[in-house]
Amino acid sequence: MLDKGKIGSLQAVFLLVSMVLPTALLYISAHTSRHAGQDGWISLMLAVFAALAIARLAVSLARRFPGQTLFQFPEHILGRWPGKAVAVLYVWWFFHMNAEIIRQFGNFLVAAFMTHTPLIVFELLIVLIAAYAVRGGLEVFTRANQIILPFILGLIIITNILIAPEIDLKKLLPVFSDSGAVPVLKGAVMPASWLGEIVIVAVLLPYLDRGQKAFKIAVTATLITGLILLITFVTDIALFSPQLTVAALFPELSKVRIISLGNFLERLEAITMGIWIAGGLIKISLFYWAAVLGSAQCLELKDYRPLVLPAGVILLALSVMLHENIIEQVNFLGAFWGPYALFLFQTGIPLFLLAAAAARGLGGQERQ
Amino acid sequence: MVKYIKPIKIGQGGRRKSRSGRSRTPGEYAQENTFPSMELHDMELHDRQLDSDLQSNLQQLMRILDDCSDVVYREFAPAGDGHPGLALVFVDGLVDKTLVSDQIMHSLMLDAPLVRPGDQFTGDGAFKMIRERLLPYQQMMETGNLGRVIDAVLAGETVLLVDGCARALINDVKGWEMRSITESQTEIVIRGPREAFVESIRVNTSLLRRKIKNPNLKIEALKLGRVTKTDLAVAYIKGIANEKLVAEIKERLSRIEIDAILETGYIEELIEDSPRSPFPTVGHTERPDKAAAQLLEGRAAVLVDGTPHVLTVPFLFIESLQFPEDYYERWVVSSAVRLLRLVFLMVSLVLPSFYVAVVTFHHELLPTPLLLSLAAQREAIPYPAVFEVLIMELSFEVLREAGVRLPRQVGQAVSIVGALVVGLAAVQAGLVAAATVIIVALTGIASFTTYYSTGFAIRFLRFPLLVLAGSLGLYGLLCGLLALLIHLASLRSFGVPYLSPAAPFHPGEQKDMAIRVPWWAMLYRPRLAGTANPRRETAGLEPAPPPPGQNGPTGDEQ
């Protein structure tokens with residue numbers, strides 16, 4: 001095992017919540033209501049179900065090969081070179097996804113807070129810290145997350161309570177009548193691809209203290225995340241109506257700006273920034289770790305640490321080069337990310353691997 | 001006993017080889033030995049035996065202890081027939097003089113003859129006689145080894161040599177000037193025992209033993225320091241402390257090869273898990289009650305002769321907020337005070353950088369009236385906020401450092417200069433804003449509410465955070481804090497995660513964290529590295545008034 005750490009069940013739930021929540025929180029309302037309008041909450045629920053299915057798939061697959069990660073067992077299923085190719089694809093995906101996240105991170109900070117600072121400054125700093133965390137290993141950023149996540153959840157709850165007086169639930173009407181099934185399904189793709197990142201349990205499974213609970217862990221994390229996203233979406237729509245939500249770059253930020261409590265507690269954007277930075281760090285660290293671990297496992301190295309800094313440079317360069325500007329990124333994610341992540345990496349390949357493994361009768365321990 | 005290392009030829013090849021790897025065997029350490037002559041000296045001494053001739057023994061001793069003017073050689077004749085042939089060797093100032101003259105010399109010179117009437121005088125016979133009948137001491141040893149004799153003399157014991165016998169008697173009559181037990185100067189409580197450890201390891205172990213009168217309190221002795229030969233003791237409670245932890249500590253101590261141990265800090269830096277961190281992962285205390293409490297929680301302590309500070313391991317971050325008085329005062333108030341400490345720990349770390357970030361980048365975070373008043377104050381200030389705060393923080397640190405170092409007589413001057421020049425005058429001269437002075441003062445005070453070594457680390461970390469906040473605003477500050485959190489999460493103290501039981505989170509271990517629950521609810525010891533005996537007390541000890549009428553009238557009944 002390249003990382004000697006083991007994480008407990010509670011830690012794993014926390015980690016998986018932190019993996020999805022911070023990014024999704026900021027973008028979910030805009031992306032979902034673009035297609036589904038005020039019925040986005042139905043899309044969200046569909047997305048949660050899709051994520052649960054993906055979790056089931058990933059756990060079933062990974063459990064057939066105890067002690068091996070997503071980067072190792074394709075070799076056993078498909079043979080050495082095809083298996084390696086699949087593993088490399090996943091390594092690429094983790095790099096690519098992480099670069100997108102880092103770019104979103106930088107874009108958000110530049111667009112919302114410090115418009116004159118170059119993007120790379122923000123990205124460099126966060127990648128450096130993530131590299132430090134990844135060098136420490138899975139256990140380290142998991143532990144840090146146990147301090148961070150309660151703050152994030154607390155702040156989200158507090159903002160939603162403070163915003164309550166402004167809410168107008170009538171904006172959620174009419175239900176389903178003016179959208180129909182297709183837009184709702186379309187609206188579900190983006191959130192499903194975020195929640196579907198739960199496929200990472202196939203990498204985490206060997207590092208879980210109690211591997212047999214992996215599915216329970218994934219389900220708990222997905223439900224918590226789904227619930228918070230649902231609340232966020234509903235309050236966003238009830239505040240701004242779907243039209244305004246789509247128009248806003250960061251509805252969550254606009255929401256926090258509304259809060260005013262006795263002329264004393266107001267302009268709390270810093271809170272959103274805090275959530276985004278702290279949660280973003282954990283998310284970036286986790287995918288960074290997965291990418292580096294995957295590279296090391298593909299190359300059959302004894303230690304993944306020498307790869308951390310080079311991988312950081314790649315991530316940074318990739319994130320800067322991927323898109324011209326924030327609008328292009330939003331459009332790219334909206335148009336391609338769903339099919340690319342959801343149908344290829346989160347469902348397509350795992351399904352294919354599972355089918356192949358079942359057909360070849362490999363790794364029968366799943367029922368244990 | 002000291003481990004004496006075989007001298008090995010110092011070859012260049014060996015040197016280079018030993019530098020390359022990180023973990024080295026003791027043999028390789030010996031190759032890097034910087035005291036070959038001293039080591040040889042020790043070796044030689046411990047190979048050499050005493051002679052049966054008194055004069056030759058004395059001469060050997062004098063040659064070795066050459067130029068040591070504090071060593072006394074006292075030759076005298078025993079009582080009875082004039083056999084010339086006893087000598088006492090000791091270090092002046094390390095022995096109890098009245099004991100030496102009244103007991104040893106008096107009894108040997110005046111009271112009893114060394115030979116039973118009619119027997120022939122022999123050196124061995126006399127030696128036996130002295131040992132068994134003449135010297136009334138509890139602690140007495142005999143040896144024929146010259147090195148052992150030298151060690152004993154230098155450790156403050158008195159060595160008696162007998163002519164015609166190749167053995168020496170070592171009497172423990174140590175007695176030197178030392179500080180008496182006083183109140184702790186650095187860890188002060190309002191309620192609780194006042195005594196503190198002193199410089200003598202014997203007194204310190206007795207202080208521990210007086211608190212824990214249990215055969216399972218083990219105090220294992222060892223010696224470290226090739227030149228200083230300092231006494232150390234590892235204390236733990238068998239059956240409560242994890243055996244693996246104790247073994248690990250002893251193993252780490254046994255790896256130490258150093259010339260001197262003058263303070264526990266030497267040991268701390270040589271045994272800690274994360275030697276490059278600013279945060280302490282080994283605790284220290286000068287309070288016996290705290291040390292005893294640590295032992296009872298399954299920790300181990302390292303006592304070092306010559307310092308009143310006792311090391312305790314493992315040390316977790318939460319201990320920075322725990323103080324002995326928390327456990328003596330009422331729990332509700334103690335818990336509130338502990339929360340206060342937690343808040344001010346954050347304040348002392350973050351407040352100046354937060355101020356700088358807000359004033360420089362995020363004006364929108366301030367309520368408008370406050371913003372206006374701040375702007376008015378800062379109007380005439382020539383420097384950017386970060387520079388201003390840095391200067392003020394530095395001056396505060398200087399004042400604090402000077403306050404510790406300055407002779408007590410001039411201490412007054414420092415506080416006057418501090419209050420007037422750095423505070424009032426700087427504001428009036430328009431060098432700094434009044435708000436900055438408030439911030440810096442509050443920060444300075446806040447850093448004293450935590451455990452000293454942690455406060456030290458925080459003091460130091462404030463400056464990088466200030467620079468980050470001054471250059472990147474809240475983003476920089478948050479990144480700094482996150483890096484710090486990652487760092488803290490990566491630390492371990494003797495294998496125990498530094499942030500536990502918060503991260504990794506143990507629901508059952510929260511009773512002594514942010515809130516200190518009352519003693520009747522604190523049923524279990526902290527898990528730490530897995531204590532063998534987790535139960536602290538029986539359940540159901542919560543006190544309550546007796547049922548009405550049981551103990552006579554309740555007073556309401558009249």
# chains A, B, ... in the order shown; residues from 1 in each chain; ligands from 1

call {"tool": "select_by_dssp", "arguments": {"residues": "segment 48-284 of chain A", "states": "strand (DSSP E or B)", "output": "NGL selection string"}}
result
:A and (208 or 260-261 or 265-266)

call {"tool": "write_last_selection", "arguments": {"atoms": "N, CA, C and O atoms", "output": "short mmCIF file (atom, residue, chain, number, x, y, z; two decimals), in the first residue's frame"}}
result
data_model
loop_
_atom_site.label_atom_id
_atom_site.label_comp_id
_atom_site.auth_asym_id
_atom_site.auth_seq_id
_atom_site.Cartn_x
_atom_site.Cartn_y
_atom_site.Cartn_z
N LEU A 208 -10.08 2.40 4.04
CA LEU A 208 -11.10 2.54 5.06
C LEU A 208 -10.82 1.57 6.19
O LEU A 208 -10.45 0.41 5.97
N SER A 260 -28.90 40.79 6.66
CA SER A 260 -28.60 41.97 7.47
C SER A 260 -29.30 41.80 8.80
O SER A 260 -30.51 41.62 8.87
N LEU A 261 -28.56 41.81 9.84
CA LEU A 261 -29.14 41.57 11.15
C LEU A 261 -28.79 42.76 12.04
O LEU A 261 -27.65 42.94 12.46
N LEU A 265 -24.71 42.55 11.74
CA LEU A 265 -24.24 41.36 11.03
C LEU A 265 -24.67 41.51 9.58
O LEU A 265 -25.78 41.17 9.21
N GLU A 266 -23.80 42.06 8.77
CA GLU A 266 -24.17 42.17 7.36
C GLU A 266 -22.93 42.07 6.49
O GLU A 266 -21.81 42.07 6.99
#

call {"tool": "interface_residues", "arguments": {"of": "chain B", "to": "chain A", "cutoff": "12 Å", "atoms": "only C-alpha atoms", "output": "ChimeraX atom specification"}}
result
/B:354,357-358,361-370,468,471-492,497-507

call {"tool": "write_last_selection", "arguments": {"atoms": "C-alpha atoms", "output": "CSV table (one decimal), in the first residue's frame"}}
result
chain,number,residue,atom,x,y,z
B,354,PHE,CA,-7.6,40.0,10.4
B,357,ALA,CA,-6.8,42.3,6.0
B,358,VAL,CA,-10.0,44.2,6.7
B,361,PHE,CA,-8.7,45.0,1.5
B,362,HIS,CA,-12.1,44.4,2.8
B,363,HIS,CA,-13.6,47.6,4.0
B,364,GLU,CA,-17.0,46.4,3.2
B,365,LEU,CA,-16.9,44.0,6.1
B,366,LEU,CA,-17.0,46.8,8.6
B,367,PRO,CA,-20.1,48.6,9.7
B,368,THR,CA,-20.0,52.1,8.3
B,369,PRO,CA,-19.6,54.1,11.5
B,370,LEU,CA,-16.7,52.0,12.5
B,468,LEU,CA,0.0,36.9,4.1
B,471,SER,CA,-0.5,40.9,0.7
B,472,LEU,CA,-3.6,38.8,-0.1
B,473,GLY,CA,-6.2,39.9,2.4
B,474,LEU,CA,-8.6,37.4,3.9
B,475,TYR,CA,-7.7,34.9,1.3
B,476,GLY,CA,-4.1,34.9,2.4
B,477,LEU,CA,-5.1,34.8,6.0
B,478,LEU,CA,-7.4,31.8,5.4
B,479,CYS,CA,-4.7,30.0,3.4
B,480,GLY,CA,-2.2,30.6,6.2
B,481,LEU,CA,-4.7,29.2,8.7
B,482,LEU,CA,-5.5,26.2,6.6
B,483,ALA,CA,-1.8,25.4,6.1
B,484,LEU,CA,-1.4,25.7,9.9
B,485,LEU,CA,-4.4,23.3,10.3
B,486,ILE,CA,-2.9,20.8,7.9
B,487,HIS,CA,0.4,21.1,9.8
B,488,LEU,CA,-1.3,20.5,13.1
B,489,ALA,CA,-3.2,17.5,11.6
B,490,SER,CA,0.0,16.0,10.4
B,491,LEU,CA,1.7,16.1,13.8
B,492,ARG,CA,1.8,13.2,16.2
B,497,PRO,CA,-2.5,12.4,16.5
B,498,TYR,CA,-1.9,15.8,17.9
B,499,LEU,CA,-5.4,17.1,17.3
B,500,SER,CA,-7.1,14.1,18.8
B,501,PRO,CA,-9.7,13.7,20.2
B,502,ALA,CA,-11.1,16.4,17.9
B,503,ALA,CA,-9.5,15.0,14.8
B,504,PRO,CA,-9.7,12.1,14.6
B,505,PHE,CA,-13.0,12.7,16.4
B,506,HIS,CA,-13.8,10.3,19.2
B,507,PRO,CA,-17.3,11.0,20.5

call {"tool": "closest_residue", "arguments": {"among": "B:Ala166, B:Val310, B:Ile318, B:Leu224", "to": "Pro526 of chain B", "atoms": "only C-alpha atoms"}}
result
B:Ile318

call {"tool": "residues_around", "arguments": {"residues": "Ala433 of chain B", "least_positions_apart": "2", "cutoff": "9 Å", "atoms": "only C-alpha atoms", "output": "CSV table (one decimal) with all heavy atoms, in the first residue's frame"}}
result
chain,number,residue,atom,x,y,z
B,374,LEU,N,-12.3,54.5,11.9
B,374,LEU,CA,-11.0,54.0,11.5
B,374,LEU,C,-10.3,54.8,10.5
B,374,LEU,O,-9.1,55.1,10.6
B,374,LEU,CB,-11.2,52.5,11.0
B,374,LEU,CG,-11.1,51.4,12.1
B,374,LEU,CD1,-11.2,50.1,11.4
B,374,LEU,CD2,-9.7,51.5,12.8
B,377,GLN,N,-8.9,57.9,12.0
B,377,GLN,CA,-7.7,57.6,12.7
B,377,GLN,C,-6.5,57.4,11.8
B,377,GLN,O,-5.4,57.8,12.1
B,377,GLN,CB,-7.9,56.3,13.6
B,377,GLN,CG,-8.7,56.5,14.8
B,377,GLN,CD,-8.8,55.2,15.5
B,377,GLN,OE1,-7.9,54.4,15.5
B,377,GLN,NE2,-9.9,55.0,16.1
B,378,ARG,N,-6.7,56.7,10.7
B,378,ARG,CA,-5.6,56.3,9.9
B,378,ARG,C,-5.2,57.4,8.9
B,378,ARG,O,-4.3,57.2,8.1
B,378,ARG,CB,-6.0,55.0,9.1
B,378,ARG,CG,-6.2,53.8,10.1
B,378,ARG,CD,-6.1,52.5,9.3
B,378,ARG,NE,-5.1,52.5,8.3
B,378,ARG,CZ,-3.8,52.4,8.4
B,378,ARG,NH1,-3.3,52.2,9.6
B,378,ARG,NH2,-3.0,52.4,7.4
B,379,GLU,N,-6.0,58.4,8.8
B,379,GLU,CA,-5.8,59.5,7.8
B,379,GLU,C,-4.3,60.0,7.8
B,379,GLU,O,-3.7,60.1,6.8
B,379,GLU,CB,-6.7,60.6,8.1
B,379,GLU,CG,-6.9,61.4,6.9
B,379,GLU,CD,-8.0,62.5,7.2
B,379,GLU,OE1,-8.2,62.8,8.4
B,379,GLU,OE2,-8.6,63.0,6.2
B,380,ALA,N,-3.8,60.2,9.0
B,380,ALA,CA,-2.5,60.8,9.1
B,380,ALA,C,-1.4,59.8,9.2
B,380,ALA,O,-0.2,60.2,9.2
B,380,ALA,CB,-2.5,61.7,10.4
B,381,ILE,N,-1.7,58.6,9.2
B,381,ILE,CA,-0.7,57.6,9.4
B,381,ILE,C,0.1,57.4,8.1
B,381,ILE,O,-0.5,57.2,7.0
B,381,ILE,CB,-1.3,56.2,9.8
B,381,ILE,CG1,-2.2,56.4,10.9
B,381,ILE,CG2,-0.2,55.2,10.1
B,381,ILE,CD1,-1.6,56.7,12.2
B,388,GLU,N,2.5,49.0,9.9
B,388,GLU,CA,2.2,49.6,11.2
B,388,GLU,C,2.0,48.5,12.2
B,388,GLU,O,2.6,48.5,13.3
B,388,GLU,CB,0.9,50.4,11.0
B,388,GLU,CG,0.4,51.2,12.2
B,388,GLU,CD,-1.0,51.7,11.9
B,388,GLU,OE1,-1.4,51.8,10.7
B,388,GLU,OE2,-1.7,51.9,12.9
B,426,ALA,N,3.2,57.1,20.6
B,426,ALA,CA,3.2,56.7,19.2
B,426,ALA,C,1.9,57.1,18.6
B,426,ALA,O,1.9,57.5,17.4
B,426,ALA,CB,3.4,55.1,19.1
B,427,VAL,N,0.8,57.0,19.3
B,427,VAL,CA,-0.5,57.5,18.8
B,427,VAL,C,-0.5,59.0,18.6
B,427,VAL,O,-0.9,59.5,17.6
B,427,VAL,CB,-1.6,57.0,19.7
B,427,VAL,CG1,-2.9,57.6,19.2
B,427,VAL,CG2,-1.7,55.5,19.7
B,428,GLN,N,0.0,59.7,19.7
B,428,GLN,CA,-0.1,61.1,19.6
B,428,GLN,C,0.8,61.7,18.5
B,428,GLN,O,0.5,62.7,17.8
B,428,GLN,CB,0.3,61.7,20.9
B,428,GLN,CG,-0.8,61.7,21.9
B,428,GLN,CD,-0.5,62.2,23.3
B,428,GLN,OE1,0.7,62.5,23.5
B,428,GLN,NE2,-1.5,62.3,24.1
B,430,GLY,N,1.2,60.4,15.8
B,430,GLY,CA,0.7,60.1,14.5
B,430,GLY,C,1.4,59.0,13.8
B,430,GLY,O,1.3,58.8,12.6
B,431,LEU,N,2.1,58.1,14.5
B,431,LEU,CA,2.9,57.0,13.9
B,431,LEU,C,2.0,55.8,13.7
B,431,LEU,O,2.1,55.1,12.7
B,431,LEU,CB,4.1,56.7,14.7
B,431,LEU,CG,5.2,57.7,14.7
B,431,LEU,CD1,6.3,57.3,15.6
B,431,LEU,CD2,5.7,57.8,13.3
B,435,ALA,N,-6.4,52.3,17.2
B,435,ALA,CA,-7.0,51.0,17.0
B,435,ALA,C,-5.9,50.0,17.0
B,435,ALA,O,-6.0,48.9,17.5
B,435,ALA,CB,-7.8,50.9,15.8
B,436,THR,N,-4.8,50.3,16.3
B,436,THR,CA,-3.7,49.3,16.2
B,436,THR,C,-3.2,49.0,17.6
B,436,THR,O,-2.9,47.8,17.9
B,436,THR,CB,-2.6,49.9,15.3
B,436,THR,OG1,-3.2,50.4,14.1
B,436,THR,CG2,-1.6,48.9,15.0
B,437,VAL,N,-3.0,50.0,18.4
B,437,VAL,CA,-2.5,49.8,19.7
B,437,VAL,C,-3.4,48.9,20.5
B,437,VAL,O,-3.0,47.9,21.2
B,437,VAL,CB,-2.3,51.1,20.5
B,437,VAL,CG1,-1.8,50.9,21.9
B,437,VAL,CG2,-1.3,52.0,19.7

call {"tool": "residues_around", "arguments": {"residues": "Leu217 of chain B", "least_positions_apart": "6", "cutoff": "10 Å", "atoms": "only C-alpha atoms", "output": "number ranges by chain"}}
result
B: 208-209, 235-240, 292, 295-296

call {"tool": "residues_around", "arguments": {"residues": "Leu390 of chain B", "least_positions_apart": "6", "cutoff": "10 Å", "atoms": "only C-alpha atoms", "output": "PDB file with N, CA and C atoms, in the first residue's frame"}}
result
ATOM      1  N   PRO B 352      -4.482  40.412  14.732  1.00  0.00           N
ATOM      2  CA  PRO B 352      -3.759  41.446  13.985  1.00  0.00           C
ATOM      3  C   PRO B 352      -3.851  41.262  12.479  1.00  0.00           C
ATOM      4  N   SER B 353      -3.763  40.008  12.013  1.00  0.00           N
ATOM      5  CA  SER B 353      -3.817  39.809  10.568  1.00  0.00           C
ATOM      6  C   SER B 353      -5.219  40.083  10.039  1.00  0.00           C
ATOM      7  N   VAL B 356      -5.524  43.769   9.705  1.00  0.00           N
ATOM      8  CA  VAL B 356      -4.800  44.254   8.529  1.00  0.00           C
ATOM      9  C   VAL B 356      -5.576  43.929   7.255  1.00  0.00           C
ATOM     10  N   PHE B 396       6.067  45.194  20.757  1.00  0.00           N
ATOM     11  CA  PHE B 396       5.491  44.483  21.900  1.00  0.00           C
ATOM     12  C   PHE B 396       6.336  43.266  22.269  1.00  0.00           C
ATOM     13  N   VAL B 440      -2.985  45.297  19.171  1.00  0.00           N
ATOM     14  CA  VAL B 440      -1.725  44.672  19.554  1.00  0.00           C
ATOM     15  C   VAL B 440      -1.729  44.329  21.045  1.00  0.00           C
ATOM     16  N   ARG B 462       2.262  34.417  14.212  1.00  0.00           N
ATOM     17  CA  ARG B 462       1.511  35.629  13.899  1.00  0.00           C
ATOM     18  C   ARG B 462       2.147  36.407  12.766  1.00  0.00           C
ATOM     19  N   PHE B 463       3.460  36.375  12.685  1.00  0.00           N
ATOM     20  CA  PHE B 463       4.147  37.229  11.723  1.00  0.00           C
ATOM     21  C   PHE B 463       3.971  36.755  10.277  1.00  0.00           C
ATOM     22  N   LEU B 466       0.567  37.712   9.303  1.00  0.00           N
ATOM     23  CA  LEU B 466       0.443  39.146   9.043  1.00  0.00           C
ATOM     24  C   LEU B 466       0.869  39.473   7.626  1.00  0.00           C
ATOM     25  N   VAL B 467       1.979  38.896   7.209  1.00  0.00           N
ATOM     26  CA  VAL B 467       2.469  39.175   5.863  1.00  0.00           C
ATOM     27  C   VAL B 467       1.465  38.662   4.826  1.00  0.00           C
ATOM     28  N   GLY B 470      -1.504  40.891   4.792  1.00  0.00           N
ATOM     29  CA  GLY B 470      -1.173  42.191   4.220  1.00  0.00           C
ATOM     30  C   GLY B 470      -1.022  42.134   2.715  1.00  0.00           C
TER      31      GLY B 470
END

call {"tool": "closest_atom_pairs", "arguments": {"of": "segment 150-215 of chain A", "to": "segment 36-49 of chain A", "cutoff": "6 Å", "atoms": "only C-alpha atoms", "output": "JSON lines"}}
result
{"residue": "A:Leu172", "atom": "CA", "partner": "A:Gln38", "partner_atom": "CA", "distance": 5.2}
{"residue": "A:Pro183", "atom": "CA", "partner": "A:Ala36", "partner_atom": "CA", "distance": 5.0}
{"residue": "A:Val184", "atom": "CA", "partner": "A:Ala36", "partner_atom": "CA", "distance": 4.7}
{"residue": "A:Gly187", "atom": "CA", "partner": "A:Ala36", "partner_atom": "CA", "distance": 5.2}
{"residue": "A:Ala188", "atom": "CA", "partner": "A:Ser43", "partner_atom": "CA", "distance": 4.3}
{"residue": "A:Pro191", "atom": "CA", "partner": "A:Ala47", "partner_atom": "CA", "distance": 5.9}
{"residue": "A:Ala192", "atom": "CA", "partner": "A:Ala47", "partner_atom": "CA", "distance": 4.2}

call {"tool": "decode", "arguments": {"residues": "segment 257-273 of chain B", "atoms": "C-alpha atoms", "output": "PDB file, in the first residue's frame"}}
result
ATOM      1  CA  GLU B 257      24.293   9.938  22.667  1.00  0.00           C
ATOM      2  CA  ILE B 258      25.151  13.440  23.703  1.00  0.00           C
ATOM      3  CA  ASP B 259      27.778  15.054  25.858  1.00  0.00           C
ATOM      4  CA  ALA B 260      25.469  16.999  28.121  1.00  0.00           C
ATOM      5  CA  ILE B 261      21.894  17.148  29.374  1.00  0.00           C
ATOM      6  CA  LEU B 262      21.431  20.438  31.154  1.00  0.00           C
ATOM      7  CA  GLU B 263      17.694  20.835  30.886  1.00  0.00           C
ATOM      8  CA  THR B 264      14.675  18.852  29.794  1.00  0.00           C
ATOM      9  CA  GLY B 265      14.704  20.834  26.555  1.00  0.00           C
ATOM     10  CA  TYR B 266      17.679  18.748  25.403  1.00  0.00           C
ATOM     11  CA  ILE B 267      15.703  15.555  25.915  1.00  0.00           C
ATOM     12  CA  GLU B 268      12.582  17.050  24.385  1.00  0.00           C
ATOM     13  CA  GLU B 269      14.308  17.892  21.130  1.00  0.00           C
ATOM     14  CA  LEU B 270      15.937  14.499  20.977  1.00  0.00           C
ATOM     15  CA  ILE B 271      12.825  12.388  21.486  1.00  0.00           C
ATOM     16  CA  GLU B 272       9.961  14.320  19.883  1.00  0.00           C
ATOM     17  CA  ASP B 273       8.041  13.095  16.852  1.00  0.00           C
TER      18      ASP B 273
END
